[in-house]
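Text of the file coords.cif, holding mmCIF, C-alpha atoms and all ligand atoms:
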```cif
data_data
loop_
_atom_site.label_atom_id
_atom_site.label_comp_id
_atom_site.auth_asym_id
_atom_site.auth_seq_id
_atom_site.Cartn_x
_atom_site.Cartn_y
_atom_site.Cartn_z
CA VAL A 1 0.00 0.00 0.00
CA GLY A 2 1.55 3.29 -1.14
CA LYS A 3 1.87 6.29 1.09
CA VAL A 4 -0.98 8.80 0.75
CA SER A 5 0.31 12.14 -0.53
CA VAL A 6 -0.02 15.36 1.46
CA ILE A 7 -2.44 16.81 -1.09
CA GLU A 8 -4.52 13.64 -1.15
CA THR A 9 -4.76 13.81 2.64
CA TRP A 10 -5.97 17.42 2.46
CA LEU A 11 -8.52 16.63 -0.25
CA ARG A 12 -9.98 13.93 1.99
CA LYS A 13 -9.88 16.05 5.12
CA HIS A 14 -11.42 19.11 3.46
CA ARG A 15 -13.60 17.27 0.99
CA LEU A 16 -16.74 19.30 1.64
CA VAL A 17 -14.98 22.63 1.17
CA TYR A 18 -13.33 21.35 -2.00
CA ILE A 19 -16.68 20.20 -3.35
CA GLY A 20 -18.17 23.56 -2.37
CA ALA A 21 -15.59 25.26 -4.59
CA THR A 22 -15.73 22.85 -7.55
CA ARG A 23 -19.44 21.92 -7.59
CA HIS A 24 -20.90 25.32 -6.88
CA PRO A 25 -24.50 26.14 -7.89
CA PHE A 26 -23.09 28.57 -10.47
CA ILE A 27 -21.12 25.73 -12.08
CA HIS A 28 -24.17 23.47 -11.88
CA SER A 29 -26.18 26.13 -13.69
CA ILE A 30 -23.62 26.26 -16.52
CA ARG A 31 -23.54 22.48 -16.63
CA ASP A 32 -27.31 22.08 -16.89
CA GLY A 33 -27.86 25.10 -19.13
CA THR A 34 -29.99 27.11 -16.70
CA VAL A 35 -27.31 29.75 -16.11
CA ASP A 36 -28.50 33.32 -15.92
CA LEU A 37 -26.68 35.21 -18.67
CA SER A 38 -26.28 38.37 -16.63
CA SER A 39 -24.50 36.24 -14.01
CA PHE A 40 -22.25 34.77 -16.66
CA LYS A 41 -21.37 38.22 -18.01
CA LEU A 42 -20.67 39.46 -14.51
CA TRP A 43 -18.39 36.47 -13.90
CA LEU A 44 -16.60 37.18 -17.20
CA GLU A 45 -15.93 40.82 -16.29
CA GLN A 46 -14.79 40.03 -12.80
CA ASP A 47 -12.63 37.08 -13.82
CA TYR A 48 -10.78 39.26 -16.33
CA ILE A 49 -9.79 41.52 -13.43
CA PHE A 50 -8.82 38.48 -11.38
CA VAL A 51 -6.62 37.04 -14.12
CA ARG A 52 -4.82 40.36 -14.51
CA ALA A 53 -4.04 40.24 -10.79
CA PHE A 54 -3.11 36.55 -11.05
CA ILE A 55 -0.28 37.25 -13.52
CA PRO A 56 2.04 39.08 -11.07
CA PHE A 57 1.37 36.31 -8.56
CA VAL A 58 2.44 33.66 -11.09
CA ALA A 59 5.51 35.80 -11.88
CA SER A 60 6.39 35.70 -8.18
CA VAL A 61 6.14 31.89 -8.20
CA LEU A 62 8.40 31.86 -11.26
CA ILE A 63 11.00 33.94 -9.42
CA LYS A 64 10.85 31.60 -6.42
CA ALA A 65 11.22 28.56 -8.68
CA SER A 66 14.27 30.13 -10.32
CA LYS A 67 15.94 30.36 -6.90
CA GLU A 68 15.33 26.73 -5.98
CA SER A 69 18.68 25.02 -5.99
CA SER A 70 17.70 21.35 -5.77
CA ALA A 71 18.11 19.26 -8.91
CA ASP A 72 14.55 17.93 -8.78
CA ALA A 73 13.20 21.50 -9.09
CA CYS A 74 14.88 22.23 -12.41
CA ASP A 75 11.79 21.48 -14.51
CA ASP A 76 9.51 23.66 -12.38
CA LEU A 77 10.62 26.80 -14.17
CA GLU A 78 9.40 25.49 -17.50
CA VAL A 79 6.03 24.39 -16.17
CA ILE A 80 5.43 27.79 -14.57
CA LEU A 81 6.68 29.67 -17.63
CA GLY A 82 4.26 27.61 -19.72
CA GLY A 83 1.51 28.78 -17.37
CA MET A 84 2.48 32.39 -17.94
CA VAL A 85 2.40 31.94 -21.69
CA ALA A 86 -1.07 30.42 -21.39
CA LEU A 87 -2.18 33.45 -19.37
CA ASN A 88 -1.22 35.74 -22.24
CA ASP A 89 -3.50 33.69 -24.45
CA GLU A 90 -6.14 33.79 -21.75
CA LEU A 91 -6.22 37.59 -21.62
CA ASN A 92 -6.83 37.66 -25.36
CA TRP A 93 -9.53 35.04 -24.96
CA PHE A 94 -11.30 37.23 -22.39
CA LYS A 95 -11.28 40.16 -24.81
CA LYS A 96 -12.69 38.03 -27.61
CA GLU A 97 -15.30 36.43 -25.36
CA ALA A 98 -16.33 39.80 -23.93
CA SER A 99 -16.95 41.23 -27.38
CA LYS A 100 -18.98 38.13 -28.29
CA TRP A 101 -21.27 38.85 -25.31
CA GLY A 102 -21.28 42.63 -25.75
CA VAL A 103 -19.42 43.10 -22.49
CA SER A 104 -16.92 45.92 -22.03
CA LEU A 105 -13.78 45.07 -20.07
CA SER A 106 -12.56 48.61 -19.63
CA ASN A 107 -13.72 50.34 -16.46
CA VAL A 108 -15.00 47.24 -14.71
CA THR A 109 -15.27 47.86 -10.97
CA PRO A 110 -14.02 44.90 -8.97
CA LYS A 111 -16.58 43.60 -6.51
CA LYS A 112 -15.85 42.94 -2.86
CA ALA A 113 -15.14 39.21 -3.15
CA ASN A 114 -12.83 39.85 -6.10
CA LEU A 115 -10.91 42.59 -4.27
CA LYS A 116 -10.52 40.28 -1.30
CA TYR A 117 -9.18 37.45 -3.48
CA CYS A 118 -6.83 39.83 -5.35
CA ARG A 119 -5.46 41.06 -2.02
CA LEU A 120 -4.77 37.46 -1.03
CA LEU A 121 -2.84 37.01 -4.29
CA GLU A 122 -0.82 40.10 -3.48
CA ARG A 123 0.10 38.80 -0.04
CA LEU A 124 1.05 35.43 -1.51
CA ALA A 125 3.32 37.14 -4.04
CA SER A 126 5.48 38.54 -1.25
CA PRO A 127 9.13 37.33 -1.17
CA GLU A 128 8.57 36.19 2.43
CA VAL A 129 6.07 33.55 1.32
CA GLU A 130 7.91 30.26 0.89
CA TYR A 131 8.05 28.54 -2.51
CA THR A 132 6.14 25.56 -1.06
CA VAL A 133 3.26 27.77 0.06
CA ALA A 134 3.18 29.75 -3.20
CA ALA A 135 3.36 26.61 -5.36
CA THR A 136 0.51 25.05 -3.37
CA ALA A 137 -1.61 28.18 -3.85
CA PHE A 138 -0.87 28.21 -7.58
CA TRP A 139 -1.89 24.56 -7.93
CA ALA A 140 -5.11 25.11 -5.93
CA ILE A 141 -6.21 28.19 -7.90
CA GLU A 142 -5.80 26.49 -11.28
CA THR A 143 -7.24 23.17 -10.11
CA VAL A 144 -10.53 24.62 -8.83
CA TYR A 145 -11.24 25.97 -12.32
CA GLN A 146 -10.03 22.81 -14.03
CA ASP A 147 -12.18 20.55 -11.87
CA SER A 148 -15.23 22.84 -12.07
CA PHE A 149 -15.23 23.27 -15.83
CA ALA A 150 -14.25 19.67 -16.60
CA HIS A 151 -17.39 18.71 -14.66
CA CYS A 152 -19.37 20.83 -17.13
CA LEU A 153 -17.95 18.84 -20.05
CA GLU A 154 -19.00 15.40 -18.84
CA GLU A 155 -21.22 13.20 -21.03
CA ASP A 156 -24.53 13.95 -19.36
CA SER A 157 -24.13 17.73 -19.21
CA ASN A 158 -26.30 20.22 -21.06
CA VAL A 159 -24.00 23.23 -21.55
CA PRO A 160 -25.40 25.80 -24.01
CA GLU A 161 -23.40 25.88 -27.25
CA ASP A 162 -22.13 29.42 -26.68
CA LEU A 163 -20.73 28.53 -23.24
CA LYS A 164 -18.82 25.44 -24.37
CA GLU A 165 -15.70 27.41 -25.26
CA THR A 166 -15.52 28.75 -21.72
CA CYS A 167 -15.80 25.25 -20.26
CA LYS A 168 -13.16 23.94 -22.65
CA ARG A 169 -10.78 26.76 -21.77
CA TRP A 170 -10.25 25.27 -18.28
CA GLY A 171 -11.83 21.84 -18.66
CA ASN A 172 -9.70 20.54 -21.55
CA ASP A 173 -7.21 17.68 -21.11
CA GLY A 174 -4.18 19.88 -21.70
CA PHE A 175 -5.19 22.13 -18.83
CA GLY A 176 -5.77 19.00 -16.75
CA GLN A 177 -2.22 17.83 -17.47
CA TYR A 178 -0.88 21.26 -16.59
CA CYS A 179 -2.71 21.10 -13.23
CA ALA A 180 -1.29 17.62 -12.65
CA ALA A 181 2.20 19.04 -13.28
CA LEU A 182 1.51 21.83 -10.76
CA GLN A 183 0.34 19.22 -8.28
CA THR A 184 3.57 17.25 -8.72
CA ILE A 185 5.57 20.39 -8.00
CA ALA A 186 3.51 21.31 -4.92
CA GLU A 187 3.57 17.75 -3.61
CA ARG A 188 7.34 17.45 -3.98
CA CYS A 189 7.81 20.71 -2.06
CA LEU A 190 5.34 19.63 0.63
CA GLU A 191 7.00 16.23 1.11
CA LYS A 192 10.32 17.82 1.99
CA SER A 193 9.05 20.85 3.90
CA SER A 194 8.89 21.35 7.65
CA GLU A 195 5.73 20.67 9.61
CA ASP A 196 5.32 24.42 10.07
CA GLU A 197 5.57 25.20 6.36
CA ARG A 198 3.18 22.38 5.51
CA LYS A 199 0.66 23.76 7.97
CA LYS A 200 0.95 27.22 6.41
CA ALA A 201 0.35 25.71 2.98
CA GLU A 202 -2.75 23.90 4.22
CA VAL A 203 -4.17 27.13 5.65
CA VAL A 204 -3.55 28.88 2.33
CA PHE A 205 -5.17 25.99 0.45
CA LEU A 206 -8.32 26.40 2.54
CA ASP A 207 -8.22 30.17 2.18
CA ILE A 208 -8.17 29.77 -1.60
CA LEU A 209 -11.09 27.33 -1.60
CA GLU A 210 -13.12 29.78 0.47
CA ASN A 211 -12.24 32.66 -1.84
CA GLU A 212 -13.26 30.57 -4.86
CA VAL A 213 -16.65 29.85 -3.26
CA GLU A 214 -17.13 33.55 -2.58
CA PHE A 215 -16.10 34.37 -6.14
CA TRP A 216 -18.80 32.05 -7.53
CA ASN A 217 -21.30 33.46 -5.01
CA MET A 218 -20.48 36.98 -6.17
CA SER A 219 -21.09 36.02 -9.80
CA GLN A 220 -24.46 34.54 -8.98
CA LYS A 221 -25.88 36.90 -6.44
CA ASP A 222 -24.32 40.37 -6.42
CA HIS A 223 -26.52 42.05 -8.99
C1 LIG A 301 -11.42 33.16 -9.63
N1 LIG A 301 -9.91 31.29 -9.97
C2 LIG A 301 -10.53 32.35 -10.49
N2 LIG A 301 -10.36 32.70 -11.77
C3 LIG A 301 -9.53 31.97 -12.56
N3 LIG A 301 -9.38 32.34 -13.85
C4 LIG A 301 -8.88 30.83 -12.05
C5 LIG A 301 -9.10 30.53 -10.73
C6 LIG A 301 -7.99 29.94 -12.87
O1 LIG A 301 -7.09 30.60 -13.64
#
```

What is this structure when it is put down as structure tokens?
Ligand code: HMH
Amino acid sequence: VGKVSVIETWLRKHRLVYIGATRHPFIHSIRDGTVDLSSFKLWLEQDYIFVRAFIPFVASVLIKASKESSADACDDLEVILGGMVALNDELNWFKKEASKWGVSLSNVTPKKANLKYCRLLERLASPEVEYTVAATAFWAIETVYQDSFAHCLEEDSNVPEDLKETCKRWGNDGFGQYCAALQTIAERCLEKSSEDERKKAEVVFLDILENEVEFWNMSQKDH
């Protein structure tokens, strides 16, 4: 019987919170085609702001990866750089998607839950935050979207045609493999970190799940 990974242990321990973040009513509504289009547009606007704030955070993870000296960390840089490249594509996708829905991305006011999440990203980008903690956060943020939108692409779903592209953006296999690579990085860091650092990473993991739930709530309810 193999040893259960740190992340696997967390996913079991915090299963309900994880499900709350990845099987949210907003995601269910996209999956079954009952989504309110004004909610979807609001999510699109707000997520564009989030992604812009996410980029400097990912850059901070890249910097931390570049300072890792251990031999087993030498591929991390490429995985993270690949993520940054994908984010460039993602910004363009948001612009294209926004114009398709008649949504303007200039002058969007971030809502409370978004501001709160962006402030968390800023704190996590600080040089004082350990690579293990930052890498865990990065994995968690990407994985919530991957898991949520992959759920929308399952056989029995009923996603409206014009929302399929959005689901595929994060639910496609390539993005799944990228998240698996991020998990490998985070897990390797966690395995060799101190008890204290591991605890910090777990707290951040939970903080992210809660922020994701609030982000979905905001998209559904705040208008
Ligand atoms: C709120 N979480 C949020 N937005 C995103 N685009 C992602 C995660 C994944 O990149």

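Among the candidates A:Ala113, A:Ala65, A:Val51, A:Val79, the one nearest to Asn211 of chain A when counting all atoms listed in the file is A:Ala113.
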
Cut-off 7 Å: closest chain A/ligand LIG 301 (chain A) atom pairs per residue, using all atoms listed in the file, as a Markdown table:
```
| residue | atom | partner | partner_atom | distance |
| --- | --- | --- | --- | --- |
| A:Asp47 | CA | A:LIG301 | N2 | 5.3 |
| A:Phe50 | CA | A:LIG301 | N2 | 6.0 |
| A:Val51 | CA | A:LIG301 | N3 | 5.5 |
| A:Ile141 | CA | A:LIG301 | C5 | 4.7 |
| A:Glu142 | CA | A:LIG301 | C6 | 4.4 |
| A:Val144 | CA | A:LIG301 | C5 | 6.4 |
| A:Tyr145 | CA | A:LIG301 | C6 | 5.2 |
| A:Glu212 | CA | A:LIG301 | C1 | 5.7 |
| A:Phe215 | CA | A:LIG301 | C1 | 6.0 |
```

Hey, can you check how far atom CA of Cys179 of chain A sits from atom CA of Glu78 of chain A? 13.6 Å

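Around Ile55 of chain A, within 10 Å and counting all atoms listed in the file, the residues found are Phe50, Val51, Arg52, Ala53, Phe57, Val58, Ala59, Ser60, Val61, Gly83, Met84, Leu87, Asn88 and Leu121 of chain A, once anything fewer than 2 positions away on its own chain is removed.
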
Would you mind telling me which residue in A:Phe149, A:Glu187, A:Leu209, A:Asn158 lies nearest to Gly171 of chain A when using only C-alpha atoms? A:Phe149

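Residues in contact range of Arg31 of chain A, defined as at most 8 Å between only C-alpha atoms, with sequence neighbours fewer than 3 positions away removed, read Ile27, His28, Thr34, His151, Cys152, Leu153, Ser157, Asn158 and Val159 of chain A.
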
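Across A:Ser193, A:Thr143, A:Asn172, A:Gln46, the tightest approach to Ser106 of chain A is made by A:Gln46 when counting all atoms listed in the file.
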
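With only C-alpha atoms as the atoms that count, the minimum distance from Val204 of chain A to the choices A:Trp101, A:Tyr117, A:Phe54, A:Trp216 is reached by A:Tyr117.
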
Smallest atom-to-atom distance to Ile80 of chain A: which of A:Phe40, A:Lys111, A:Ile63, A:Ser5, using only C-alpha atoms? A:Ile63

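For the residues A:Thr184, A:Ser148, A:Asn107, A:Thr166, ranking by smallest atom-to-atom distance to Pro25 of chain A using only C-alpha atoms places A:Ser148 first.
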
Given the point (-5.1, 27.2, 1.4) in the coordinates of this file, which residues lie within 12 Å, counting only C-alpha atoms, and how would they look as an MDAnalysis selection string? chainID A and resid 7 10:11 14 17:18 120:121 124 132:141 144 197:212

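Here atom CA of Ser219 of chain A is placed at a distance of 20.3 Å from atom CA of Glu161 of chain A.
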
Shell of 10 Å around Arg188 of chain A, all atoms listed in the file, local chain residues under 2 positions omitted, as a PyMOL selection string: chain A and resi 5-6+72-73+132+182-186+190-193

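Taking atom CA of Met218 of chain A and atom CA of Asp32 of chain A as endpoints, the distance between them is 19.6 Å.
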